[in-house]
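Structure, as structure tokens:
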Amino acid sequence: MIYFLRASALFYGLTGAVLLFLPEEVLAYLHLNIGPGGALVFQLMGTLYLGFGFLNYSNSKGPLNIGYLRPVLATNLGHSLMAGLTLITALGDLSTPFAYVISLLCLSYLTIGLISGGLIMRPPVNTKHV
């Protein structure tokens, strides 16, 4: 579970850092002409992803009792599955270069969501210290 939380923290943290500090470059790479507000929207999304990354990383250092991690895993499950399913619907409308990027993101989101869902279903672990 620690490795999953750290891996998802890395995914969200890197995605957030790229969106926060390089929004114009991301917009140019995706060939999106959203206007002056597009960079601001991407930066705001970057702050959200950095927040997810910090949340997952800070909880990976705590006790391993699943009862304490249920809210974090539920947040990961909800966000990741909804984002993955949204990206699946977007695959039909995009051109070939975008389909590769969207497919990779979709796979990443769905993997994080499914692992989160599996961890939520596990019974709590007794973590009494001797």
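Naming scheme: A, B, ... for chains in displayed order of the structure tokens; residues 1 onward per chain; ligands 1 onward as shown.
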Note to self: If you run DSSP on the backbone here, which positions in chain A get alpha helix (DSSP H)? Please write them as number ranges by chain.
What the structure shows: A: 2-21, 23-29, 36-60, 66-90, 96-120
Notebook entry, point to check: Quick one: residues within 8 Å of A:Val72, only C-alpha atoms counted, chain neighbours fewer than 2 positions away excluded, as a ChimeraX atom specification?
Noted result: /A:55-56,59,69-70,74-76
Just the selected residues (N, CA and C atoms), exported as a short mmCIF file (atom, residue, chain, number, x, y, z; two decimals), in the first residue's frame, please.
```cif
data_model
loop_
_atom_site.label_atom_id
_atom_site.label_comp_id
_atom_site.auth_asym_id
_atom_site.auth_seq_id
_atom_site.Cartn_x
_atom_site.Cartn_y
_atom_site.Cartn_z
N LEU A 55 -1.18 14.90 -0.59
CA LEU A 55 -2.07 14.10 0.24
C LEU A 55 -1.66 12.63 0.24
N ASN A 56 -1.41 12.09 -0.94
CA ASN A 56 -1.02 10.68 -1.03
C ASN A 56 0.34 10.43 -0.39
N ASN A 59 0.20 10.61 3.48
CA ASN A 59 -0.48 9.46 4.06
C ASN A 59 0.28 8.16 3.86
N LEU A 69 -6.88 5.32 6.05
CA LEU A 69 -6.62 5.67 4.66
C LEU A 69 -7.86 5.64 3.77
N ARG A 70 -8.99 5.19 4.30
CA ARG A 70 -10.20 5.08 3.47
C ARG A 70 -10.58 6.41 2.80
N ALA A 74 -10.68 6.70 -1.15
CA ALA A 74 -11.96 7.04 -1.78
C ALA A 74 -11.81 8.25 -2.70
N THR A 75 -11.01 9.21 -2.29
CA THR A 75 -10.74 10.38 -3.13
C THR A 75 -10.01 9.97 -4.39
N ASN A 76 -8.98 9.13 -4.25
CA ASN A 76 -8.25 8.63 -5.42
C ASN A 76 -9.17 7.83 -6.33
#
```
Next item on the list: Counting only C-alpha atoms, figure out which residue out of A:Leu10, A:Ile34, A:Leu20, A:Leu91 gets nearest to A:Leu48.
Entry: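 Nearest to A:Leu48: A:Leu20.
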Check: Near A:Pro36, counting only C-alpha atoms, which residues have an atom at most 12 Å away, once you skip same-chain residues fewer than 6 positions from it, shown as a PyMOL selection string?
Finding: chain A and resi 23-24+27+42
With all heavy atoms kept, could you save the residues just selected as a PDB file, in the first residue's frame?
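Resulting contents of result_15.pdb:
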```pdb
ATOM      1  N   PRO A  23       2.277  25.644 -18.349  1.00  0.00           N
ATOM      2  CA  PRO A  23       0.959  25.550 -18.993  1.00  0.00           C
ATOM      3  C   PRO A  23       0.981  25.944 -20.465  1.00  0.00           C
ATOM      4  O   PRO A  23       0.298  25.315 -21.279  1.00  0.00           O
ATOM      5  CB  PRO A  23       0.084  26.501 -18.174  1.00  0.00           C
ATOM      6  CG  PRO A  23       1.038  27.486 -17.608  1.00  0.00           C
ATOM      7  CD  PRO A  23       2.307  26.709 -17.354  1.00  0.00           C
ATOM      8  N   GLU A  24       1.761  26.960 -20.823  1.00  0.00           N
ATOM      9  CA  GLU A  24       1.806  27.378 -22.226  1.00  0.00           C
ATOM     10  C   GLU A  24       2.418  26.287 -23.103  1.00  0.00           C
ATOM     11  O   GLU A  24       1.968  26.053 -24.225  1.00  0.00           O
ATOM     12  CB  GLU A  24       2.605  28.677 -22.384  1.00  0.00           C
ATOM     13  CG  GLU A  24       1.909  29.896 -21.821  1.00  0.00           C
ATOM     14  CD  GLU A  24       2.251  30.119 -20.349  1.00  0.00           C
ATOM     15  OE1 GLU A  24       3.129  29.399 -19.812  1.00  0.00           O
ATOM     16  OE2 GLU A  24       1.624  30.992 -19.739  1.00  0.00           O
ATOM     17  N   LEU A  27      -0.166  23.536 -23.601  1.00  0.00           N
ATOM     18  CA  LEU A  27      -1.166  23.985 -24.573  1.00  0.00           C
ATOM     19  C   LEU A  27      -0.609  23.955 -25.993  1.00  0.00           C
ATOM     20  O   LEU A  27      -1.304  23.556 -26.938  1.00  0.00           O
ATOM     21  CB  LEU A  27      -1.646  25.395 -24.220  1.00  0.00           C
ATOM     22  CG  LEU A  27      -2.571  25.507 -23.013  1.00  0.00           C
ATOM     23  CD1 LEU A  27      -2.742  26.959 -22.601  1.00  0.00           C
ATOM     24  CD2 LEU A  27      -3.908  24.881 -23.317  1.00  0.00           C
ATOM     25  N   PHE A  42      -5.092  25.625 -16.703  1.00  0.00           N
ATOM     26  CA  PHE A  42      -4.127  24.538 -16.548  1.00  0.00           C
ATOM     27  C   PHE A  42      -3.320  24.705 -15.256  1.00  0.00           C
ATOM     28  O   PHE A  42      -2.999  23.718 -14.594  1.00  0.00           O
ATOM     29  CB  PHE A  42      -3.200  24.476 -17.762  1.00  0.00           C
ATOM     30  CG  PHE A  42      -3.732  23.625 -18.876  1.00  0.00           C
ATOM     31  CD1 PHE A  42      -5.057  23.684 -19.262  1.00  0.00           C
ATOM     32  CD2 PHE A  42      -2.904  22.759 -19.547  1.00  0.00           C
ATOM     33  CE1 PHE A  42      -5.561  22.900 -20.280  1.00  0.00           C
ATOM     34  CE2 PHE A  42      -3.383  21.965 -20.573  1.00  0.00           C
ATOM     35  CZ  PHE A  42      -4.708  22.038 -20.938  1.00  0.00           C
TER      36      PHE A  42
END
```
Note to self: I'd like the neighbourhood of A:Leu110 as number ranges by chain, where a residue qualifies if any of its atoms comes within 6 Å (using only C-alpha atoms), though same-chain residues fewer than 4 positions away should be ignored.
What the structure shows: A: 81, 84, 114
Next item on the list: Compile the contact shell of stretch 98-107 of chain A as a PyMOL selection string: residues with an atom at most 10 Å away, counting only C-alpha atoms, same-chain residues fewer than 2 positions apart removed.
Entry: chain A and resi 29-31+80-81+83-88+90-96+109-113
Would you export the selected residues with C-alpha atoms as a PDB file, in the first residue's frame, please?
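And here's out.pdb as it stands now:
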```
ATOM      1  CA  TYR A  29       2.081  20.612 -27.479  1.00  0.00           C
ATOM      2  CA  LEU A  30      -1.610  19.731 -27.583  1.00  0.00           C
ATOM      3  CA  HIS A  31      -2.236  22.405 -30.258  1.00  0.00           C
ATOM      4  CA  SER A  80      -9.234   8.517 -11.060  1.00  0.00           C
ATOM      5  CA  LEU A  81     -12.217   6.507 -12.288  1.00  0.00           C
ATOM      6  CA  ALA A  83     -11.160  11.053 -15.128  1.00  0.00           C
ATOM      7  CA  GLY A  84     -10.414   7.720 -16.817  1.00  0.00           C
ATOM      8  CA  LEU A  85     -13.995   7.241 -17.990  1.00  0.00           C
ATOM      9  CA  THR A  86     -14.118  10.829 -19.255  1.00  0.00           C
ATOM     10  CA  LEU A  87     -10.935  10.249 -21.223  1.00  0.00           C
ATOM     11  CA  ILE A  88     -12.381   7.058 -22.733  1.00  0.00           C
ATOM     12  CA  ALA A  90     -12.848  11.668 -25.485  1.00  0.00           C
ATOM     13  CA  LEU A  91     -10.848   9.066 -27.409  1.00  0.00           C
ATOM     14  CA  GLY A  92     -13.385   8.887 -30.219  1.00  0.00           C
ATOM     15  CA  ASP A  93     -13.221  12.623 -30.904  1.00  0.00           C
ATOM     16  CA  LEU A  94      -9.456  13.085 -31.067  1.00  0.00           C
ATOM     17  CA  SER A  95      -6.897  12.778 -33.841  1.00  0.00           C
ATOM     18  CA  THR A  96      -4.130  10.173 -33.843  1.00  0.00           C
ATOM     19  CA  TYR A 109      -6.012   6.999 -14.221  1.00  0.00           C
ATOM     20  CA  LEU A 110      -7.885   3.716 -14.477  1.00  0.00           C
ATOM     21  CA  THR A 111      -4.974   1.814 -12.913  1.00  0.00           C
ATOM     22  CA  ILE A 112      -4.849   4.174  -9.938  1.00  0.00           C
ATOM     23  CA  GLY A 113      -8.641   3.996  -9.607  1.00  0.00           C
TER      24      GLY A 113
END
```
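Candidate residues A:Tyr3, A:Tyr57, A:Phe21, A:Phe11 were compared for distance to A:Leu44, and the nearest is A:Phe21, using only C-alpha atoms.
Of note, atom CA of A:Ser8 and atom CA of A:Pro71 are spaced 15.0 Å apart.
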Next item on the list: Determine, counting only C-alpha atoms, which protein, DNA and RNA residues have an atom within 6 Å of an atom of A:Gln43; residues of the same chain fewer than 2 positions away are not included. Present the result as a list in words.
Entry: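 Here the qualifying residues turn out to be Leu19, Leu20, Leu40, Val41, Met45 and Gly46 of chain A.
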Given the selection you just returned, output its residues as a file containing N, CA and C atoms, formatted as a compact mmCIF listing (two decimals), in the first residue's frame.
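Saved to part-v9.txt:
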```txt
# COMPACT_ATOMS: atom_id res chain seq x y z
N LEU A 19 1.72 20.97 -15.22
CA LEU A 19 0.60 21.87 -15.52
C LEU A 19 0.75 23.22 -14.84
N LEU A 20 1.34 23.25 -13.66
CA LEU A 20 1.49 24.51 -12.92
C LEU A 20 2.58 25.38 -13.51
N LEU A 40 -4.22 29.78 -17.32
CA LEU A 40 -4.67 29.90 -15.92
C LEU A 40 -5.44 28.66 -15.49
N VAL A 41 -6.30 28.15 -16.36
CA VAL A 41 -7.06 26.93 -16.04
C VAL A 41 -6.10 25.75 -15.84
N MET A 45 -5.51 23.52 -12.45
CA MET A 45 -5.52 22.06 -12.42
C MET A 45 -4.22 21.52 -11.84
N GLY A 46 -3.12 22.19 -12.13
CA GLY A 46 -1.83 21.78 -11.58
C GLY A 46 -1.79 21.87 -10.07
```
